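Below is structure03.csv, which holds CSV, C-alpha atoms (C1' of nucleotides).
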```csv
chain,number,residue,atom,x,y,z
Z,1,MET,CA,9.5,38.1,-44.7
Z,2,SER,CA,11.3,38.8,-41.4
Z,3,ALA,CA,15.0,38.7,-41.2
Z,4,LYS,CA,14.6,42.1,-39.7
Z,5,ASP,CA,12.1,40.8,-37.1
Z,6,SER,CA,14.3,37.9,-36.3
Z,7,GLN,CA,17.2,40.2,-35.5
Z,8,TYR,CA,14.9,42.4,-33.5
Z,9,LEU,CA,13.7,39.6,-31.3
Z,10,LYS,CA,17.2,38.5,-30.6
Z,11,LYS,CA,18.1,42.0,-29.8
Z,12,VAL,CA,15.5,42.2,-27.1
Z,13,GLY,CA,16.6,38.8,-25.8
Z,14,LEU,CA,14.0,36.5,-27.2
Z,15,LYS,CA,14.6,33.4,-29.3
Z,16,ALA,CA,13.2,34.0,-32.8
Z,17,THR,CA,10.6,31.3,-32.9
Z,18,LEU,CA,7.9,31.0,-35.5
Z,19,PRO,CA,4.9,31.9,-33.2
Z,20,ARG,CA,6.8,35.0,-31.9
Z,21,LEU,CA,7.6,36.1,-35.4
Z,22,LYS,CA,4.0,35.7,-36.6
Z,23,ILE,CA,2.6,37.6,-33.6
Z,24,LEU,CA,5.1,40.4,-34.0
Z,25,GLN,CA,4.1,40.6,-37.7
Z,26,VAL,CA,0.4,40.8,-36.9
Z,27,LEU,CA,1.0,43.6,-34.5
Z,28,GLU,CA,3.3,45.5,-36.9
Z,29,SER,CA,0.8,45.2,-39.7
Z,30,SER,CA,-2.3,46.0,-37.6
Z,31,GLY,CA,-2.2,49.4,-39.2
Z,32,PHE,CA,-4.8,51.9,-38.2
Z,33,ALA,CA,-6.4,49.8,-35.5
Z,34,ARG,CA,-3.1,49.3,-33.7
Z,35,HIS,CA,-4.8,48.3,-30.5
Z,36,MET,CA,-5.5,44.6,-30.2
Z,37,THR,CA,-6.6,42.2,-27.5
Z,38,ALA,CA,-5.0,38.7,-27.2
Z,39,GLU,CA,-8.1,37.3,-28.8
Z,40,ASP,CA,-7.8,39.8,-31.7
Z,41,VAL,CA,-4.2,38.6,-32.3
Z,42,TYR,CA,-5.3,35.0,-32.0
Z,43,LYS,CA,-8.1,35.4,-34.5
Z,44,ALA,CA,-5.9,37.4,-37.0
Z,45,LEU,CA,-3.4,34.5,-36.9
Z,46,LEU,CA,-6.1,31.9,-37.6
Z,47,GLU,CA,-7.5,33.9,-40.4
Z,48,GLN,CA,-4.1,34.1,-42.1
Z,49,GLY,CA,-3.8,30.4,-41.7
Z,50,ASP,CA,-1.2,30.4,-38.9
Z,51,ASP,CA,-2.0,27.9,-36.2
Z,52,VAL,CA,-0.8,29.3,-32.9
Z,53,GLY,CA,-2.4,28.4,-29.5
Z,54,LEU,CA,-4.2,31.1,-27.6
Z,55,ALA,CA,-2.1,30.3,-24.6
Z,56,THR,CA,1.0,31.0,-26.6
Z,57,VAL,CA,-0.4,34.3,-27.7
Z,58,TYR,CA,-0.9,35.3,-24.1
Z,59,ARG,CA,2.5,34.1,-23.2
Z,60,VAL,CA,4.2,35.9,-26.0
Z,61,LEU,CA,2.3,39.2,-25.5
Z,62,THR,CA,3.4,39.2,-21.9
Z,63,GLN,CA,7.0,38.5,-22.9
Z,64,PHE,CA,6.8,41.3,-25.4
Z,65,GLU,CA,5.5,43.6,-22.8
Z,66,GLN,CA,8.3,42.8,-20.4
Z,67,ALA,CA,10.8,43.3,-23.2
Z,68,GLY,CA,9.4,46.7,-24.0
Z,69,VAL,CA,8.3,45.7,-27.4
Z,70,LEU,CA,4.7,46.6,-26.7
Z,71,THR,CA,2.5,48.3,-24.1
Z,72,ARG,CA,-0.5,46.8,-22.3
Z,73,HIS,CA,-3.5,49.1,-21.8
Z,74,HIS,CA,-6.4,48.6,-19.5
Z,75,PHE,CA,-9.3,50.2,-21.3
Z,76,GLU,CA,-12.8,50.0,-19.9
Z,77,GLY,CA,-14.3,46.6,-20.4
Z,78,GLY,CA,-11.8,44.3,-18.7
Z,79,GLN,CA,-9.6,42.8,-21.4
Z,80,SER,CA,-6.0,43.9,-21.8
Z,81,VAL,CA,-5.3,45.7,-25.1
Z,82,PHE,CA,-1.8,45.7,-26.6
Z,83,GLU,CA,-0.1,48.2,-28.8
Z,84,MET,CA,3.4,48.2,-30.4
Z,85,ASP,CA,5.7,50.5,-28.5
Z,86,GLU,CA,7.2,52.8,-31.0
Z,87,GLY,CA,9.2,54.5,-28.4
Z,88,SER,CA,7.2,57.6,-28.2
Z,89,HIS,CA,4.8,57.9,-25.2
Z,90,HIS,CA,1.4,59.1,-26.0
Z,91,ASP,CA,-2.1,59.1,-24.5
Z,92,HIS,CA,-5.4,58.0,-26.0
Z,93,ILE,CA,-8.8,59.5,-26.8
Z,94,LEU,CA,-11.4,56.9,-27.7
Z,95,CYS,CA,-14.9,56.8,-29.1
Z,96,THR,CA,-17.4,55.1,-26.9
Z,97,ARG,CA,-19.7,54.4,-29.8
Z,98,CYS,CA,-17.4,53.0,-32.6
Z,99,GLY,CA,-14.3,52.1,-30.7
Z,100,ARG,CA,-12.1,54.5,-32.7
Z,101,VAL,CA,-8.9,55.4,-31.0
Z,102,ASP,CA,-6.8,58.5,-31.6
Z,103,GLU,CA,-3.4,59.2,-30.0
Z,104,PHE,CA,-2.0,62.4,-28.8
Z,105,ILE,CA,0.6,63.9,-26.5
Z,106,ASP,CA,0.3,67.2,-24.7
Z,107,PRO,CA,3.4,68.7,-23.3
Z,108,VAL,CA,1.4,70.8,-20.9
Z,109,ILE,CA,-0.3,67.8,-19.4
Z,110,GLU,CA,2.9,65.8,-19.2
Z,111,GLU,CA,4.5,68.7,-17.3
Z,112,ARG,CA,1.5,69.1,-14.9
Z,113,GLN,CA,1.6,65.4,-14.1
Z,114,GLN,CA,5.2,65.6,-13.1
Z,115,ALA,CA,4.4,68.6,-10.9
Z,116,ILE,CA,1.5,66.8,-9.2
Z,117,ALA,CA,3.7,63.7,-8.6
Z,118,ASP,CA,6.3,66.0,-7.0
Z,119,LYS,CA,3.7,67.8,-4.9
Z,120,PHE,CA,2.4,64.5,-3.5
Z,121,GLY,CA,5.9,63.2,-3.0
Z,122,TYR,CA,5.7,60.4,-5.5
Z,123,MET,CA,8.5,59.4,-7.8
Z,124,MET,CA,6.5,59.1,-11.0
Z,125,GLN,CA,7.0,55.9,-12.9
Z,126,ASP,CA,4.2,55.9,-15.4
Z,127,HIS,CA,0.8,57.3,-16.1
Z,128,SER,CA,-2.3,56.6,-18.2
Z,129,LEU,CA,-4.7,59.1,-19.5
Z,130,TYR,CA,-7.8,58.1,-21.5
Z,131,ILE,CA,-10.3,60.6,-22.7
Z,132,TYR,CA,-13.7,59.0,-23.6
Z,133,GLY,CA,-16.2,60.7,-26.0
Z,134,ILE,CA,-18.1,60.5,-29.2
Z,135,CYS,CA,-16.2,61.1,-32.4
Z,136,LYS,CA,-17.5,63.4,-35.1
Z,137,HIS,CA,-18.2,60.5,-37.3
Z,138,CYS,CA,-20.7,59.0,-34.8
Z,139,ARG,CA,-22.2,62.3,-34.0
Z,140,LYS,CA,-22.9,62.9,-37.7
Z,141,LYS,CA,-24.7,59.6,-37.8
Z,142,ASP,CA,-26.8,60.8,-34.9
Z,143,LYS,CA,-28.4,63.9,-36.2
Z,144,PRO,CA,-30.5,62.4,-39.0
Z,145,ALA,CA,-31.5,59.5,-36.7
Z,146,LYS,CA,-33.1,61.9,-34.3
K,1,MET,CA,-28.0,54.2,11.8
K,2,SER,CA,-29.5,54.8,8.5
K,3,ALA,CA,-32.8,56.5,8.1
K,4,LYS,CA,-30.8,58.9,6.0
K,5,ASP,CA,-29.3,56.1,3.9
K,6,SER,CA,-32.7,54.6,3.5
K,7,GLN,CA,-34.0,57.9,2.1
K,8,TYR,CA,-31.0,58.2,-0.1
K,9,LEU,CA,-31.5,54.9,-1.7
K,10,LYS,CA,-35.1,55.6,-2.4
K,11,LYS,CA,-34.2,58.9,-3.9
K,12,VAL,CA,-31.9,57.2,-6.4
K,13,GLY,CA,-34.7,54.7,-7.2
K,14,LEU,CA,-33.5,51.7,-5.2
K,15,LYS,CA,-35.5,49.8,-2.7
K,16,ALA,CA,-34.0,50.1,0.7
K,17,THR,CA,-33.0,46.5,1.4
K,18,LEU,CA,-30.8,45.4,4.2
K,19,PRO,CA,-27.9,44.3,2.0
K,20,ARG,CA,-28.0,47.6,0.1
K,21,LEU,CA,-27.9,49.6,3.3
K,22,LYS,CA,-25.1,47.6,4.7
K,23,ILE,CA,-23.0,47.9,1.6
K,24,LEU,CA,-23.7,51.7,1.4
K,25,GLN,CA,-22.6,52.0,5.0
K,26,VAL,CA,-19.4,50.1,4.4
K,27,LEU,CA,-18.5,52.4,1.5
K,28,GLU,CA,-19.4,55.5,3.4
K,29,SER,CA,-17.3,54.5,6.4
K,30,SER,CA,-14.3,53.2,4.4
K,31,GLY,CA,-12.6,56.4,5.4
K,32,PHE,CA,-9.1,57.0,4.2
K,33,ALA,CA,-8.9,53.9,1.9
K,34,ARG,CA,-12.0,54.9,0.0
K,35,HIS,CA,-11.2,52.6,-2.8
K,36,MET,CA,-12.6,49.1,-2.4
K,37,THR,CA,-12.9,46.1,-4.6
K,38,ALA,CA,-16.1,43.9,-4.5
K,39,GLU,CA,-14.1,41.4,-2.5
K,40,ASP,CA,-13.0,44.2,0.0
K,41,VAL,CA,-16.6,45.1,0.6
K,42,TYR,CA,-17.6,41.5,1.0
K,43,LYS,CA,-14.9,40.8,3.5
K,44,ALA,CA,-15.7,44.0,5.4
K,45,LEU,CA,-19.3,42.8,5.7
K,46,LEU,CA,-18.3,39.4,6.9
K,47,GLU,CA,-16.0,40.9,9.5
K,48,GLN,CA,-18.7,43.1,10.9
K,49,GLY,CA,-20.9,40.1,11.1
K,50,ASP,CA,-23.2,40.8,8.2
K,51,ASP,CA,-23.9,37.9,6.0
K,52,VAL,CA,-24.3,39.1,2.5
K,53,GLY,CA,-23.5,37.0,-0.6
K,54,LEU,CA,-20.6,38.0,-2.8
K,55,ALA,CA,-22.9,37.9,-5.8
K,56,THR,CA,-25.2,40.4,-4.1
K,57,VAL,CA,-22.2,42.6,-3.5
K,58,TYR,CA,-21.4,42.6,-7.2
K,59,ARG,CA,-25.0,43.2,-8.1
K,60,VAL,CA,-25.5,46.1,-5.7
K,61,LEU,CA,-22.2,47.7,-6.6
K,62,THR,CA,-23.2,47.6,-10.3
K,63,GLN,CA,-26.6,49.1,-9.4
K,64,PHE,CA,-25.0,51.8,-7.3
K,65,GLU,CA,-22.7,52.6,-10.2
K,66,GLN,CA,-25.6,53.0,-12.6
K,67,ALA,CA,-27.4,55.1,-10.1
K,68,GLY,CA,-24.4,57.4,-9.8
K,69,VAL,CA,-23.9,56.6,-6.2
K,70,LEU,CA,-20.4,55.4,-6.8
K,71,THR,CA,-17.7,55.3,-9.5
K,72,ARG,CA,-16.0,52.2,-10.9
K,73,HIS,CA,-12.3,52.5,-11.6
K,74,HIS,CA,-10.1,50.2,-13.7
K,75,PHE,CA,-6.7,50.4,-12.0
K,76,GLU,CA,-3.9,48.1,-13.2
K,77,GLY,CA,-4.3,44.6,-12.0
K,78,GLY,CA,-7.7,43.7,-13.3
K,79,GLN,CA,-10.3,44.0,-10.6
K,80,SER,CA,-12.7,46.9,-10.6
K,81,VAL,CA,-12.3,49.3,-7.7
K,82,PHE,CA,-15.2,51.3,-6.4
K,83,GLU,CA,-15.4,54.7,-4.7
K,84,MET,CA,-18.2,56.8,-3.4
K,85,ASP,CA,-19.1,59.5,-5.8
K,86,GLU,CA,-19.1,62.6,-3.8
K,87,GLY,CA,-20.0,64.7,-6.8
K,88,SER,CA,-16.6,66.2,-7.4
K,89,HIS,CA,-14.6,64.8,-10.2
K,90,HIS,CA,-11.0,64.1,-9.4
K,91,ASP,CA,-8.0,62.0,-10.7
K,92,HIS,CA,-5.7,59.6,-8.9
K,93,ILE,CA,-2.1,59.1,-8.2
K,94,LEU,CA,-1.2,55.7,-6.8
K,95,CYS,CA,1.8,54.0,-5.3
K,96,THR,CA,2.8,50.8,-7.1
K,97,ARG,CA,4.5,49.5,-4.0
K,98,CYS,CA,2.0,49.9,-1.2
K,99,GLY,CA,-1.2,50.7,-3.0
K,100,ARG,CA,-1.7,54.1,-1.5
K,101,VAL,CA,-4.0,56.3,-3.4
K,102,ASP,CA,-4.1,60.1,-3.5
K,103,GLU,CA,-6.6,62.2,-5.2
K,104,PHE,CA,-6.1,65.5,-7.1
K,105,ILE,CA,-7.7,67.7,-9.6
K,106,ASP,CA,-5.7,70.0,-11.9
K,107,PRO,CA,-7.6,72.7,-13.7
K,108,VAL,CA,-4.9,73.1,-16.3
K,109,ILE,CA,-5.1,69.4,-17.2
K,110,GLU,CA,-8.9,69.5,-17.3
K,111,GLU,CA,-8.8,72.4,-19.7
K,112,ARG,CA,-6.2,70.8,-21.9
K,113,GLN,CA,-8.2,67.6,-22.1
K,114,GLN,CA,-11.2,69.5,-23.4
K,115,ALA,CA,-9.0,71.3,-25.9
K,116,ILE,CA,-7.7,68.0,-27.2
K,117,ALA,CA,-11.2,66.5,-27.5
K,118,ASP,CA,-12.2,69.5,-29.5
K,119,LYS,CA,-9.2,69.3,-31.7
K,120,PHE,CA,-9.9,65.7,-32.6
K,121,GLY,CA,-13.6,66.3,-33.0
K,122,TYR,CA,-14.8,64.4,-30.0
K,123,MET,CA,-17.6,65.4,-27.7
K,124,MET,CA,-15.9,64.6,-24.4
K,125,GLN,CA,-18.0,62.4,-22.1
K,126,ASP,CA,-15.5,61.3,-19.5
K,127,HIS,CA,-11.8,60.8,-18.9
K,128,SER,CA,-9.6,58.9,-16.5
K,129,LEU,CA,-6.1,59.8,-15.5
K,130,TYR,CA,-3.9,57.6,-13.3
K,131,ILE,CA,-0.4,58.5,-12.3
K,132,TYR,CA,1.7,55.6,-11.1
K,133,GLY,CA,4.7,56.0,-8.9
K,134,ILE,CA,6.4,55.3,-5.7
K,135,CYS,CA,5.3,57.3,-2.7
K,136,LYS,CA,7.7,58.9,-0.3
K,137,HIS,CA,6.9,56.4,2.4
K,138,CYS,CA,8.0,53.5,0.2
K,139,ARG,CA,11.1,55.3,-1.0
K,140,LYS,CA,12.1,56.0,2.5
K,141,LYS,CA,12.0,52.3,3.3
K,142,ASP,CA,14.2,51.7,0.2
K,143,LYS,CA,17.2,53.7,1.1
K,144,PRO,CA,18.4,51.7,4.1
K,145,ALA,CA,17.5,48.4,2.4
K,146,LYS,CA,20.0,49.1,-0.3
M,1,DT,C1',21.9,17.7,-28.2
M,2,DT,C1',19.2,20.3,-25.0
M,3,DG,C1',17.1,23.7,-22.7
M,4,DA,C1',13.6,27.0,-24.3
M,5,DT,C1',9.1,27.1,-26.3
M,6,DT,C1',4.7,25.4,-27.7
M,7,DG,C1',0.0,23.3,-27.6
M,8,DC,C1',-3.6,21.5,-25.4
M,9,DA,C1',-6.4,20.9,-21.7
M,10,DA,C1',-7.1,21.8,-17.1
M,11,DA,C1',-6.8,25.3,-13.5
M,12,DG,C1',-7.7,30.0,-11.7
M,13,DA,C1',-9.4,34.6,-10.7
M,14,DA,C1',-13.1,37.9,-11.3
M,15,DT,C1',-17.6,38.5,-12.3
M,16,DT,C1',-22.3,37.1,-13.9
M,17,DT,C1',-26.4,34.3,-14.1
M,18,DG,C1',-30.4,30.8,-13.1
M,19,DC,C1',-33.6,29.8,-9.9
M,20,DA,C1',-36.1,28.8,-5.7
M,21,DC,C1',-36.7,31.4,-1.6
M,22,DT,C1',-37.4,35.8,1.2
M,23,DG,C1',-38.5,40.3,2.5
M,24,DG,C1',-39.9,45.2,1.7
M,25,DG,C1',-43.8,48.2,0.6
V,1,DC,C1',-49.8,39.7,-0.9
V,2,DC,C1',-46.3,40.0,-4.7
V,3,DC,C1',-42.7,41.1,-7.2
V,4,DA,C1',-38.1,42.9,-6.6
V,5,DG,C1',-34.2,41.4,-4.3
V,6,DT,C1',-31.2,37.7,-2.4
V,7,DG,C1',-28.2,33.5,-1.7
V,8,DC,C1',-26.1,29.8,-3.5
V,9,DA,C1',-24.0,27.2,-6.9
V,10,DA,C1',-23.2,26.7,-11.6
V,11,DA,C1',-21.8,29.2,-15.7
V,12,DT,C1',-18.9,32.7,-18.2
V,13,DT,C1',-15.0,35.3,-19.5
V,14,DC,C1',-10.3,36.3,-19.6
V,15,DT,C1',-5.9,34.7,-18.5
V,16,DT,C1',-2.4,31.5,-16.5
V,17,DT,C1',-0.3,27.0,-15.8
V,18,DG,C1',1.3,21.9,-15.9
V,19,DC,C1',3.3,18.8,-18.8
V,20,DA,C1',4.7,16.1,-22.7
V,21,DA,C1',6.0,16.9,-27.4
V,22,DT,C1',8.8,20.0,-30.5
V,23,DC,C1',12.0,23.4,-32.1
V,24,DA,C1',15.8,26.8,-32.5
V,25,DA,C1',20.6,27.5,-31.6
```
Do you think you could lay out the structure here as structure tokens?
Amino acid sequence: MSAKDSQYLKKVGLKATLPRLKILQVLESSGFARHMTAEDVYKALLEQGDDVGLATVYRVLTQFEQAGVLTRHHFEGGQSVFEMDEGSHHDHILCTRCGRVDEFIDPVIEERQQAIADKFGYMMQDHSLYIYGICKHCRKKDKPAK
Amino acid sequence: MSAKDSQYLKKVGLKATLPRLKILQVLESSGFARHMTAEDVYKALLEQGDDVGLATVYRVLTQFEQAGVLTRHHFEGGQSVFEMDEGSHHDHILCTRCGRVDEFIDPVIEERQQAIADKFGYMMQDHSLYIYGICKHCRKKDKPAK
DNA sequence: TTGATTGCAAAGAATTTGCACTGGG
DNA sequence: CCCAGTGCAAATTCTTTGCAATCAA
């Protein structure tokens, strides 16, 4: 199920161990949710019958982050949230009711950020933009309730 | 030193106790730094000879946040960082070397954010934008070093 | 083989909570 | 006076670490 993944791990300089392959697989197949905490990954593994320690999940996620395999986000609420890094930078808009997450990229904003960094004399390394709101789905539910 | 602060606390619905007054004062006079962790506030109080429990600092900061007196940020690194809410929204650009924080507001970005929320069907409530980089000061130090 | 990796349990850091005591209104 | 507010220590939550056992190359 993962000759490809095995190659991939070696390519980024990580030995292709079973836990790492499993974790990679969970992240790849996380589908629409795409944003998982260490705990989420751990539970997903348990549910599919794979017995990996929580400490290992944390270690591997950190290694993946350093290897550029995934990105760590600091959403509100404390825990770190991880997401596969598919190469293309993007920002997030999230629903404070249901937790839904959408991704976007806006060239104008990107450009302005660079301009601001320049203006303040910073060499920009990174940035994070989160928009918080209530998605249409949750707003729809509201109306009748009230 | 704080008849004004005392009024202020009452106005936002909080009893004007000594710890709350002291904490408010520390935040108000934090001057250029302006961004403090609970621990920072706690240490500042100890240094000026005021004996307030760390738990109380956390409790009061949370109350202040709920009362709209200050804003809680989640910068990288885990801890919450607090800042007096002077009414005007702004974003942050921070140095990953020295921790320097600058504030800015960009009308174009604000406007684009609203447009994006609209496009995705969100009712925007809030947003946070952090730009990370290396400030000119730190870059200057680099050159000779290398 | 053999050093890298894992699992578990213990350690840590940040923050919260239970509870008897204290102070503001 | 009386309850909200406080201090302290214990409890929680998330994450990291030490170390012996295990696994990939």
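Interface residues of chain M facing chain K, defined by any atom at most 10 Å away and using only C-alpha atoms (C1' of nucleotides), are DA13, DA14, DT15, DT16, DT17, DG23, DG24 and DG25 of chain M.
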Please identify every residue of chain Z that has at least one atom no farther than 10 Å from an atom of chain K, counting all atoms listed in the file, and for each give the shortest atom pair and the distance in Å to one decimal, arranged by chain then increasing number, as a tab-separated table.
```
residue	atom	partner	partner_atom	distance
Z:Arg72	CA	K:Glu76	CA	9.8
Z:His73	CA	K:Glu76	CA	8.7
Z:His74	CA	K:Glu76	CA	6.8
Z:Phe75	CA	K:His74	CA	7.6
Z:Glu76	CA	K:His74	CA	6.8
Z:Gly77	CA	K:His74	CA	8.7
Z:Gly78	CA	K:Gly78	CA	6.8
Z:Gln79	CA	K:Gly78	CA	8.4
Z:Ser80	CA	K:Gly78	CA	8.7
Z:Asp91	CA	K:Leu129	CA	9.9
Z:His92	CA	K:His127	CA	10.0
Z:Ile93	CA	K:Ala117	CA	7.4
Z:Leu94	CA	K:Tyr122	CA	8.5
Z:Cys95	CA	K:Tyr122	CA	7.7
Z:Thr96	CA	K:Gln125	CA	8.8
Z:Asp102	CA	K:Phe120	CA	7.9
Z:Glu103	CA	K:Phe120	CA	9.6
Z:Phe104	CA	K:Ile116	CA	8.1
Z:Ile105	CA	K:Ile116	CA	9.3
Z:Asp106	CA	K:Arg112	CA	7.9
Z:Pro107	CA	K:Arg112	CA	9.9
Z:Val108	CA	K:Ile109	CA	7.6
Z:Ile109	CA	K:Ile109	CA	5.5
Z:Glu110	CA	K:Ile109	CA	9.0
Z:Glu111	CA	K:Ile109	CA	9.6
Z:Arg112	CA	K:Ile109	CA	7.0
Z:Gln113	CA	K:Ile131	CA	7.4
Z:Gln114	CA	K:Ile131	CA	9.1
Z:Ile116	CA	K:Phe104	CA	8.0
Z:Ala117	CA	K:Ile93	CA	7.4
Z:Asp118	CA	K:Cys135	CA	9.8
Z:Phe120	CA	K:Cys135	CA	7.8
Z:Gly121	CA	K:Lys136	CA	5.4
Z:Tyr122	CA	K:Cys135	CA	4.2
Z:Met123	CA	K:Ile134	CA	5.1
Z:Met124	CA	K:Gly133	CA	4.2
Z:Gln125	CA	K:Gly133	CA	4.6
Z:Asp126	CA	K:Tyr132	CA	5.0
Z:His127	CA	K:Ile131	CA	4.2
Z:Ser128	CA	K:Tyr130	CA	5.3
Z:Leu129	CA	K:Leu129	CA	4.3
Z:Tyr130	CA	K:Ser128	CA	5.4
Z:Ile131	CA	K:His127	CA	4.1
Z:Tyr132	CA	K:Asp126	CA	5.0
Z:Gly133	CA	K:Met124	CA	4.2
Z:Ile134	CA	K:Met123	CA	5.1
Z:Cys135	CA	K:Tyr122	CA	4.3
Z:Lys136	CA	K:Gly121	CA	5.3
Z:His137	CA	K:Gly121	CA	8.6
Z:Cys138	CA	K:Tyr122	CA	9.3
Z:Arg139	CA	K:Met123	CA	8.4
```
note - CA of Met84 in chain K and CA of Thr71 in chain K are separated by 6.3 Å
Within 10 Å of chain Z, which residues of chain V show up when using only C-alpha atoms (C1' of nucleotides), listed as an MDAnalysis selection string?
chainID V and resid 13:17 23:25
So what do you get for CA of Leu24 in chain Z versus CA of Val41 in chain Z, distance-wise?
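If I compute the distance from CA of Leu24 in chain Z to CA of Val41 in chain Z, I get 9.6 Å.
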